[in-house]
$ cat data02.txt   # compact mmCIF, C-alpha atoms
# COMPACT_ATOMS: atom_id res chain seq x y z
CA MET S 150 87.82 -28.75 83.62
CA SER S 151 85.15 -31.38 84.13
CA HIS S 152 86.33 -33.78 86.83
CA PRO S 153 85.53 -37.50 86.61
CA VAL S 154 83.18 -38.69 89.38
CA ASP S 155 82.28 -42.22 88.35
CA PHE S 156 82.56 -44.75 85.54
CA GLY S 157 80.58 -47.93 85.10
CA ILE S 158 78.77 -50.42 82.89
CA CYS S 159 75.06 -50.18 82.14
CA ASN S 160 72.46 -51.32 79.63
CA SER S 161 72.89 -55.00 80.59
CA GLY S 162 76.60 -54.81 79.96
CA GLN S 163 76.26 -53.26 76.50
CA SER S 164 77.29 -49.69 77.34
CA VAL S 165 79.78 -47.75 79.44
CA TYR S 166 78.86 -44.50 81.20
CA SER S 167 80.94 -41.71 82.71
CA LEU S 168 79.75 -39.13 85.23
CA THR S 169 81.58 -35.81 85.50
CA THR S 170 81.23 -32.52 87.35
CA TRP S 171 79.28 -29.72 85.67
CA ILE S 172 80.84 -26.45 84.50
CA GLU S 173 78.37 -23.57 84.65
CA GLY S 174 78.49 -21.15 81.73
CA GLU S 175 77.84 -20.75 78.01
CA GLY S 176 79.46 -22.50 75.06
CA ALA S 177 82.51 -20.64 73.78
CA GLU S 178 81.25 -20.83 70.20
CA THR S 179 78.18 -18.85 71.34
CA VAL S 180 80.09 -16.35 73.49
CA LEU S 181 83.06 -15.56 71.23
CA PRO S 182 81.22 -13.64 68.45
CA GLY S 183 79.90 -11.18 71.05
CA LEU S 184 83.36 -10.30 72.39
CA SER S 185 85.93 -7.81 71.10
CA ASP S 186 88.85 -9.15 69.05
CA LYS S 187 91.18 -8.54 72.01
CA GLU S 188 88.90 -10.49 74.36
CA GLN S 189 88.65 -13.32 71.84
CA TYR S 190 92.43 -13.38 71.54
CA GLN S 191 92.93 -13.51 75.32
CA LEU S 192 90.54 -16.46 75.63
CA GLY S 193 92.52 -18.12 72.84
CA ILE S 194 95.73 -17.56 74.79
CA ARG S 195 94.12 -19.28 77.77
CA ALA S 196 92.95 -22.19 75.59
CA GLY S 197 96.53 -22.68 74.41
CA GLU S 198 97.93 -22.51 77.94
CA ILE S 199 95.43 -25.09 79.19
CA LEU S 200 96.22 -27.42 76.28
CA LYS S 201 99.93 -27.20 77.11
CA ILE S 202 99.11 -28.37 80.65
CA ILE S 203 97.03 -31.28 79.33
CA HIS S 204 99.96 -32.34 77.16
CA GLN S 205 102.26 -32.69 80.18
CA ILE S 206 100.57 -36.05 80.85
CA PRO S 207 102.77 -38.73 79.23
CA ALA S 208 101.46 -41.26 76.72
CA ALA S 209 100.73 -44.81 77.81
CA LYS S 210 103.70 -47.11 77.49
CA ASN S 211 104.26 -49.44 74.54
CA GLN S 212 102.70 -47.11 71.96
CA LEU S 213 103.56 -47.77 68.33
CA SER S 214 105.72 -45.05 66.79
CA TRP S 215 103.71 -42.00 65.79
CA SER S 216 104.81 -42.21 62.15
CA GLU S 217 103.51 -45.79 61.91
CA ARG S 218 100.22 -44.95 63.61
CA PHE S 219 99.44 -41.79 61.69
CA ASN S 220 100.60 -43.05 58.29
CA ARG S 221 98.07 -45.86 58.68
CA LYS S 222 95.43 -43.24 59.43
CA ILE S 223 96.44 -41.19 56.38
CA ASN S 224 96.22 -44.25 54.12
CA ARG S 225 92.77 -45.05 55.50
CA ASN S 226 91.57 -41.45 55.08
CA ILE S 227 92.70 -41.27 51.45
CA THR S 228 91.17 -44.67 50.62
CA ASN S 229 87.85 -43.81 52.28
CA TYR S 230 87.66 -40.44 50.55
CA LYS S 231 88.29 -41.91 47.10
CA ALA S 232 85.65 -44.59 47.71
CA CYS S 233 82.93 -42.33 49.15
CA GLY S 234 81.60 -41.03 45.83
CA ILE S 235 81.66 -37.34 46.79
CA HIS S 236 84.12 -35.14 44.92
CA LEU S 237 85.80 -32.28 46.75
CA LYS S 238 87.23 -29.66 44.43
CA GLY S 239 90.87 -29.29 45.46
CA ALA S 240 91.19 -32.77 47.00
CA ASP S 241 94.17 -33.42 44.73
CA LYS S 242 95.96 -30.45 46.32
CA ILE S 243 95.18 -31.76 49.81
CA ILE S 244 96.47 -35.23 48.97
CA GLU S 245 99.58 -33.81 47.31
CA TYR S 246 100.46 -31.81 50.45
CA ILE S 247 99.92 -34.87 52.62
CA GLU S 248 102.15 -37.07 50.47
CA GLN S 249 104.93 -34.47 50.33
CA ASN S 250 104.98 -33.98 54.10
CA ARG S 251 104.50 -37.46 55.56
CA TYR S 252 108.19 -37.57 56.47
CA LEU S 253 107.54 -34.92 59.16
CA LEU S 254 105.84 -37.61 61.24
CA GLU S 255 109.12 -39.35 61.98
CA ASN S 256 110.34 -39.19 65.59
CA ARG S 257 107.41 -37.12 66.84
CA PRO S 258 106.73 -37.36 70.61
CA GLN S 259 103.44 -38.65 72.02
CA CYS S 260 101.39 -37.56 75.03
CA PHE S 261 97.84 -37.61 76.39
CA GLN S 262 95.35 -35.85 74.07
CA HIS S 263 91.93 -34.33 74.74
CA GLY S 264 90.94 -35.70 71.32
CA ASP S 265 88.45 -33.03 70.22
CA TYR S 266 89.90 -29.71 71.34
CA HIS S 267 88.00 -26.78 69.84
CA ALA S 268 85.60 -23.99 70.81
CA GLY S 269 82.60 -26.35 70.63
CA ASN S 270 83.98 -28.22 73.64
CA MET S 271 84.76 -25.15 75.73
CA ILE S 272 82.66 -23.21 78.23
CA VAL S 273 83.00 -19.54 79.21
CA THR S 274 81.94 -19.11 82.85
CA LYS S 275 80.12 -16.06 84.23
CA SER S 276 83.43 -14.78 85.60
CA GLY S 277 85.00 -15.03 82.13
CA GLU S 278 87.12 -18.12 82.77
CA LEU S 279 87.51 -20.88 80.20
CA GLY S 280 86.31 -24.40 80.98
CA ILE S 281 87.20 -27.52 78.98
CA ILE S 282 84.64 -30.32 78.59
CA ASP S 283 83.98 -33.51 76.57
CA PHE S 284 87.05 -35.66 77.05
CA ASP S 285 85.23 -38.69 75.61
CA ARG S 286 87.57 -38.85 72.58
CA LEU S 287 90.77 -38.84 74.64
CA ASP S 288 93.75 -40.55 73.04
CA TYR S 289 97.54 -40.55 72.91
CA GLY S 290 99.55 -39.05 70.08
CA ASP S 291 101.61 -36.15 68.79
CA PRO S 292 100.66 -33.11 70.91
CA TRP S 293 100.57 -30.96 67.80
CA GLU S 294 97.91 -33.17 66.20
CA GLU S 295 95.58 -31.64 68.80
CA PHE S 296 95.36 -28.60 66.50
CA ASN S 297 93.67 -30.58 63.70
CA ARG S 298 90.26 -29.21 64.70
CA ILE S 299 91.34 -25.58 65.10
CA THR S 300 89.43 -25.03 61.86
CA TRP S 301 86.25 -24.91 63.99
CA CYS S 302 87.85 -22.17 66.11
CA ALA S 303 89.10 -20.18 63.11
CA GLY S 304 85.67 -20.31 61.49
CA ILE S 305 84.27 -18.53 64.55
CA SER S 306 87.19 -16.27 65.47
CA ALA S 307 90.58 -15.86 63.83
CA ALA S 308 91.73 -13.96 66.93
CA PHE S 309 90.79 -16.87 69.22
CA ALA S 310 92.44 -19.46 66.96
CA SER S 311 95.61 -17.38 66.70
CA GLY S 312 95.69 -16.81 70.46
CA ARG S 313 95.35 -20.54 71.01
CA ILE S 314 98.53 -21.17 69.01
CA ASN S 315 100.47 -18.28 70.53
CA GLY S 316 99.42 -19.18 74.08
CA TYR S 317 100.47 -22.80 73.59
CA PHE S 318 103.95 -21.79 72.44
CA ASP S 319 104.33 -18.77 74.72
CA HIS S 320 104.49 -16.53 71.62
CA ASP S 321 107.44 -18.37 70.04
CA VAL S 322 105.89 -20.64 67.40
CA PRO S 323 108.31 -22.91 65.49
CA ALA S 324 107.94 -23.07 61.69
CA LEU S 325 107.78 -26.86 61.88
CA PHE S 326 104.57 -26.57 63.87
CA PHE S 327 102.73 -24.83 61.04
CA ARG S 328 103.84 -27.45 58.52
CA LEU S 329 102.62 -30.27 60.75
CA MET S 330 99.39 -28.47 61.66
CA ALA S 331 98.66 -28.12 57.94
CA LEU S 332 99.33 -31.86 57.50
CA TYR S 333 96.97 -32.80 60.33
CA ILE S 334 94.27 -30.41 59.11
CA ALA S 335 94.62 -31.74 55.56
CA SER S 336 94.21 -35.35 56.69
CA ASN S 337 91.32 -34.50 59.00
CA GLN S 338 89.53 -32.50 56.31
CA LEU S 339 89.79 -35.34 53.83
CA SER S 340 88.36 -37.83 56.35
CA SER S 341 85.48 -35.51 57.26
CA ILE S 342 83.78 -36.02 53.87
CA PRO S 343 83.09 -39.79 54.13
CA TRP S 344 82.56 -39.39 57.90
CA SER S 345 79.68 -36.96 57.30
CA ILE S 346 77.68 -39.15 54.89
CA PRO S 347 75.75 -41.21 57.51
CA TYR S 348 74.63 -37.94 59.19
CA GLY S 349 72.79 -36.64 56.12
CA GLN S 350 73.16 -34.08 53.36
CA GLU S 351 73.29 -31.04 55.64
CA GLU S 352 76.32 -32.45 57.47
CA VAL S 353 77.96 -33.30 54.12
CA ARG S 354 77.41 -29.73 52.94
CA THR S 355 78.88 -28.38 56.20
CA MET S 356 82.05 -30.43 55.75
CA LEU S 357 82.37 -29.49 52.08
CA ARG S 358 82.03 -25.80 53.00
CA GLN S 359 84.68 -26.17 55.68
CA ALA S 360 87.00 -27.94 53.24
CA GLU S 361 86.57 -25.04 50.81
CA ASP S 362 87.46 -22.61 53.62
CA VAL S 363 90.56 -24.64 54.50
CA LEU S 364 91.72 -24.68 50.87
CA LYS S 365 91.26 -20.90 50.74
CA TRP S 366 93.11 -20.35 54.05
CA TYR S 367 96.06 -22.37 52.74
CA ASP S 368 95.92 -21.04 49.15
CA GLY S 369 95.29 -24.55 47.83
CA PHE S 370 98.05 -25.81 50.16
CA GLU S 371 100.65 -23.73 48.37
CA THR S 372 101.46 -22.33 51.83
CA TYR S 373 101.51 -23.91 55.28
CA ILE S 374 100.58 -20.83 57.36
CA PRO S 375 96.82 -20.16 57.22
CA GLU S 376 95.75 -16.67 56.16
CA TRP S 377 93.77 -16.13 59.37
CA TYR S 378 96.82 -16.46 61.66
CA ILE S 379 98.11 -13.34 63.45
CA SER S 380 101.36 -13.47 65.43
CA GLY S 381 100.29 -11.00 68.13
CA PRO S 382 97.23 -9.44 69.75
CA PRO S 383 94.86 -7.58 67.40
CA GLU S 384 95.11 -3.79 67.32
$ encode --input "data02.txt" --output "structure tokens"
Amino acid sequence: MSHPVDFGICNSGQSVYSLTTWIEGEGAETVLPGLSDKEQYQLGIRAGEILKIIHQIPAAKNQLSWSERFNRKINRNITNYKACGIHLKGADKIIEYIEQNRYLLENRPQCFQHGDYHAGNMIVTKSGELGIIDFDRLDYGDPWEEFNRITWCAGISAAFASGRINGYFDHDVPALFFRLMALYIASNQLSSIPWSIPYGQEEVRTMLRQAEDVLKWYDGFETYIPEWYISGPPE
């Protein structure tokens, strides 16, 4: 991983900077399509194992309960989506799944989070090792929320995304995980539409396309296990 070297204030006190070590290699999202399915899966296993290590760091003390924190976020995401003026076909299905599964947030543990854990923030070194970068969105929360951006992994490689889940759970994935992952993905997907507007029409189209993919993967959220998931290494 990138190691922190220095932090400080710059720009006449208006900005904060961080300086980290450099990891030599290529972005995983560039490397993965050129690998075999088995190689993609093995890198996914490693990504899951590394994430499990990250999650051993406890959350800061005096955190609000996770259900209180994330329910506020859900309410904000739904409100912002309805006010943004862009209609996503299938949004009613997303919101329905969210509302029916909010209760799963009760009594969830919290830990340190990378905050943006997906293939776009991973490096494959020349020796084939996986490096993790871009911790600038670090937070504390439910460790399983960290899978809310696995959609970016699945869009590149279903084998990598599946390996990431299986590696995290040492090949024994609880059913509850899939239900919560679907909840976190649903909430994140809804928020991505208003989030994308300031970045222009191309970004809006990208998020709408991804939302359509997510609705397809989850059969309009009639199921909570995405169609791309495989429980073992590809043949």
$ residues_around --input "data02.txt" --residues "region 320-329 of chain S" --least-positions-apart "3" --cutoff "9 Å" --atoms "all atoms listed in the file" --output "number ranges by chain"
S: 250, 253-254, 293-294, 312, 314-317, 332-334, 372-375, 380-381
$ atom_distance --input "data02.txt" --atom1 "CA of Glu198 (chain S)" --atom2 "CA of Gly290 (chain S)"
18.4 Å
$ closest_residue --input "data02.txt" --among "S:Ser167, S:Ser340, S:Glu351, S:Glu361" --to "Asn224 (chain S)" --atoms "all atoms listed in the file"
S:Ser340
$ residues_around --input "data02.txt" --residues "Glu178 (chain S)" --least-positions-apart "2" --cutoff "6 Å" --atoms "all atoms listed in the file" --output "compact mmCIF listing (two decimals) with C-alpha atoms, in the coordinates of the input"
# COMPACT_ATOMS: atom_id res chain seq x y z
CA GLY S 176 79.46 -22.50 75.06
CA VAL S 180 80.09 -16.35 73.49
CA LEU S 181 83.06 -15.56 71.23
CA ALA S 268 85.60 -23.99 70.81
CA GLY S 269 82.60 -26.35 70.63
$ residues_around --input "data02.txt" --residues "region 151-156 of chain S" --least-positions-apart "4" --cutoff "6 Å" --atoms "all atoms listed in the file" --output "VMD selection string"
chain S and resid 166 to 170 282
$ build_atoms --input "data02.txt" --residues "region 282-311 of chain S" --atoms "N, CA and C atoms" --output "PDB file, in the coordinates of the input"
ATOM      1  N   ILE S 282      85.536 -29.191  78.361  1.00  0.00           N
ATOM      2  CA  ILE S 282      84.640 -30.320  78.590  1.00  0.00           C
ATOM      3  C   ILE S 282      84.826 -31.379  77.497  1.00  0.00           C
ATOM      4  N   ASP S 283      84.064 -32.463  77.604  1.00  0.00           N
ATOM      5  CA  ASP S 283      83.980 -33.510  76.570  1.00  0.00           C
ATOM      6  C   ASP S 283      85.323 -34.163  76.258  1.00  0.00           C
ATOM      7  N   PHE S 284      85.806 -34.911  77.234  1.00  0.00           N
ATOM      8  CA  PHE S 284      87.050 -35.660  77.050  1.00  0.00           C
ATOM      9  C   PHE S 284      86.785 -37.075  76.527  1.00  0.00           C
ATOM     10  N   ASP S 285      85.601 -37.328  75.978  1.00  0.00           N
ATOM     11  CA  ASP S 285      85.230 -38.690  75.610  1.00  0.00           C
ATOM     12  C   ASP S 285      85.989 -39.226  74.393  1.00  0.00           C
ATOM     13  N   ARG S 286      86.756 -38.379  73.706  1.00  0.00           N
ATOM     14  CA  ARG S 286      87.570 -38.850  72.580  1.00  0.00           C
ATOM     15  C   ARG S 286      89.064 -38.845  72.923  1.00  0.00           C
ATOM     16  N   LEU S 287      89.367 -38.895  74.210  1.00  0.00           N
ATOM     17  CA  LEU S 287      90.770 -38.840  74.640  1.00  0.00           C
ATOM     18  C   LEU S 287      91.591 -39.938  73.956  1.00  0.00           C
ATOM     19  N   ASP S 288      92.864 -39.630  73.760  1.00  0.00           N
ATOM     20  CA  ASP S 288      93.750 -40.550  73.040  1.00  0.00           C
ATOM     21  C   ASP S 288      95.177 -40.223  73.433  1.00  0.00           C
ATOM     22  N   TYR S 289      96.118 -40.879  72.782  1.00  0.00           N
ATOM     23  CA  TYR S 289      97.540 -40.550  72.910  1.00  0.00           C
ATOM     24  C   TYR S 289      98.081 -40.295  71.510  1.00  0.00           C
ATOM     25  N   GLY S 290      98.972 -39.334  71.395  1.00  0.00           N
ATOM     26  CA  GLY S 290      99.550 -39.050  70.080  1.00  0.00           C
ATOM     27  C   GLY S 290     100.407 -37.808  70.117  1.00  0.00           C
ATOM     28  N   ASP S 291     100.812 -37.370  68.929  1.00  0.00           N
ATOM     29  CA  ASP S 291     101.610 -36.150  68.790  1.00  0.00           C
ATOM     30  C   ASP S 291     100.829 -34.981  69.395  1.00  0.00           C
ATOM     31  N   PRO S 292     101.405 -34.242  70.335  1.00  0.00           N
ATOM     32  CA  PRO S 292     100.660 -33.110  70.910  1.00  0.00           C
ATOM     33  C   PRO S 292     100.193 -32.108  69.868  1.00  0.00           C
ATOM     34  N   TRP S 293     100.952 -31.944  68.801  1.00  0.00           N
ATOM     35  CA  TRP S 293     100.570 -30.960  67.800  1.00  0.00           C
ATOM     36  C   TRP S 293      99.397 -31.407  66.939  1.00  0.00           C
ATOM     37  N   GLU S 294      99.094 -32.709  66.934  1.00  0.00           N
ATOM     38  CA  GLU S 294      97.910 -33.170  66.200  1.00  0.00           C
ATOM     39  C   GLU S 294      96.654 -32.581  66.813  1.00  0.00           C
ATOM     40  N   GLU S 295      96.734 -32.187  68.080  1.00  0.00           N
ATOM     41  CA  GLU S 295      95.580 -31.640  68.800  1.00  0.00           C
ATOM     42  C   GLU S 295      95.054 -30.358  68.140  1.00  0.00           C
ATOM     43  N   PHE S 296      95.807 -29.806  67.201  1.00  0.00           N
ATOM     44  CA  PHE S 296      95.360 -28.600  66.500  1.00  0.00           C
ATOM     45  C   PHE S 296      94.618 -28.929  65.206  1.00  0.00           C
ATOM     46  N   ASN S 297      94.326 -30.209  64.957  1.00  0.00           N
ATOM     47  CA  ASN S 297      93.670 -30.580  63.700  1.00  0.00           C
ATOM     48  C   ASN S 297      92.240 -30.063  63.592  1.00  0.00           C
ATOM     49  N   ARG S 298      91.633 -29.726  64.731  1.00  0.00           N
ATOM     50  CA  ARG S 298      90.260 -29.210  64.700  1.00  0.00           C
ATOM     51  C   ARG S 298      90.201 -27.700  64.984  1.00  0.00           C
ATOM     52  N   ILE S 299      91.330 -27.036  64.889  1.00  0.00           N
ATOM     53  CA  ILE S 299      91.340 -25.580  65.100  1.00  0.00           C
ATOM     54  C   ILE S 299      90.566 -24.870  63.999  1.00  0.00           C
ATOM     55  N   THR S 300      90.260 -25.592  62.924  1.00  0.00           N
ATOM     56  CA  THR S 300      89.430 -25.030  61.860  1.00  0.00           C
ATOM     57  C   THR S 300      88.074 -24.563  62.400  1.00  0.00           C
ATOM     58  N   TRP S 301      87.524 -25.315  63.392  1.00  0.00           N
ATOM     59  CA  TRP S 301      86.250 -24.910  63.990  1.00  0.00           C
ATOM     60  C   TRP S 301      86.410 -23.613  64.779  1.00  0.00           C
ATOM     61  N   CYS S 302      87.572 -23.421  65.386  1.00  0.00           N
ATOM     62  CA  CYS S 302      87.850 -22.170  66.110  1.00  0.00           C
ATOM     63  C   CYS S 302      88.018 -21.012  65.129  1.00  0.00           C
ATOM     64  N   ALA S 303      88.817 -21.249  64.074  1.00  0.00           N
ATOM     65  CA  ALA S 303      89.100 -20.180  63.110  1.00  0.00           C
ATOM     66  C   ALA S 303      87.843 -19.734  62.386  1.00  0.00           C
ATOM     67  N   GLY S 304      86.922 -20.668  62.157  1.00  0.00           N
ATOM     68  CA  GLY S 304      85.670 -20.310  61.490  1.00  0.00           C
ATOM     69  C   GLY S 304      84.808 -19.384  62.318  1.00  0.00           C
ATOM     70  N   ILE S 305      85.005 -19.411  63.641  1.00  0.00           N
ATOM     71  CA  ILE S 305      84.270 -18.530  64.550  1.00  0.00           C
ATOM     72  C   ILE S 305      85.053 -17.256  64.816  1.00  0.00           C
ATOM     73  N   SER S 306      86.362 -17.398  65.067  1.00  0.00           N
ATOM     74  CA  SER S 306      87.190 -16.270  65.470  1.00  0.00           C
ATOM     75  C   SER S 306      88.650 -16.516  65.133  1.00  0.00           C
ATOM     76  N   ALA S 307      89.162 -15.759  64.179  1.00  0.00           N
ATOM     77  CA  ALA S 307      90.580 -15.860  63.830  1.00  0.00           C
ATOM     78  C   ALA S 307      91.451 -15.423  65.009  1.00  0.00           C
ATOM     79  N   ALA S 308      90.972 -14.448  65.772  1.00  0.00           N
ATOM     80  CA  ALA S 308      91.730 -13.960  66.930  1.00  0.00           C
ATOM     81  C   ALA S 308      91.855 -15.063  67.986  1.00  0.00           C
ATOM     82  N   PHE S 309      90.768 -15.775  68.249  1.00  0.00           N
ATOM     83  CA  PHE S 309      90.790 -16.870  69.220  1.00  0.00           C
ATOM     84  C   PHE S 309      91.719 -17.978  68.767  1.00  0.00           C
ATOM     85  N   ALA S 310      91.596 -18.386  67.497  1.00  0.00           N
ATOM     86  CA  ALA S 310      92.440 -19.460  66.960  1.00  0.00           C
ATOM     87  C   ALA S 310      93.915 -19.079  67.012  1.00  0.00           C
ATOM     88  N   SER S 311      94.224 -17.838  66.660  1.00  0.00           N
ATOM     89  CA  SER S 311      95.610 -17.380  66.700  1.00  0.00           C
ATOM     90  C   SER S 311      96.128 -17.334  68.127  1.00  0.00           C
TER      91      SER S 311
END
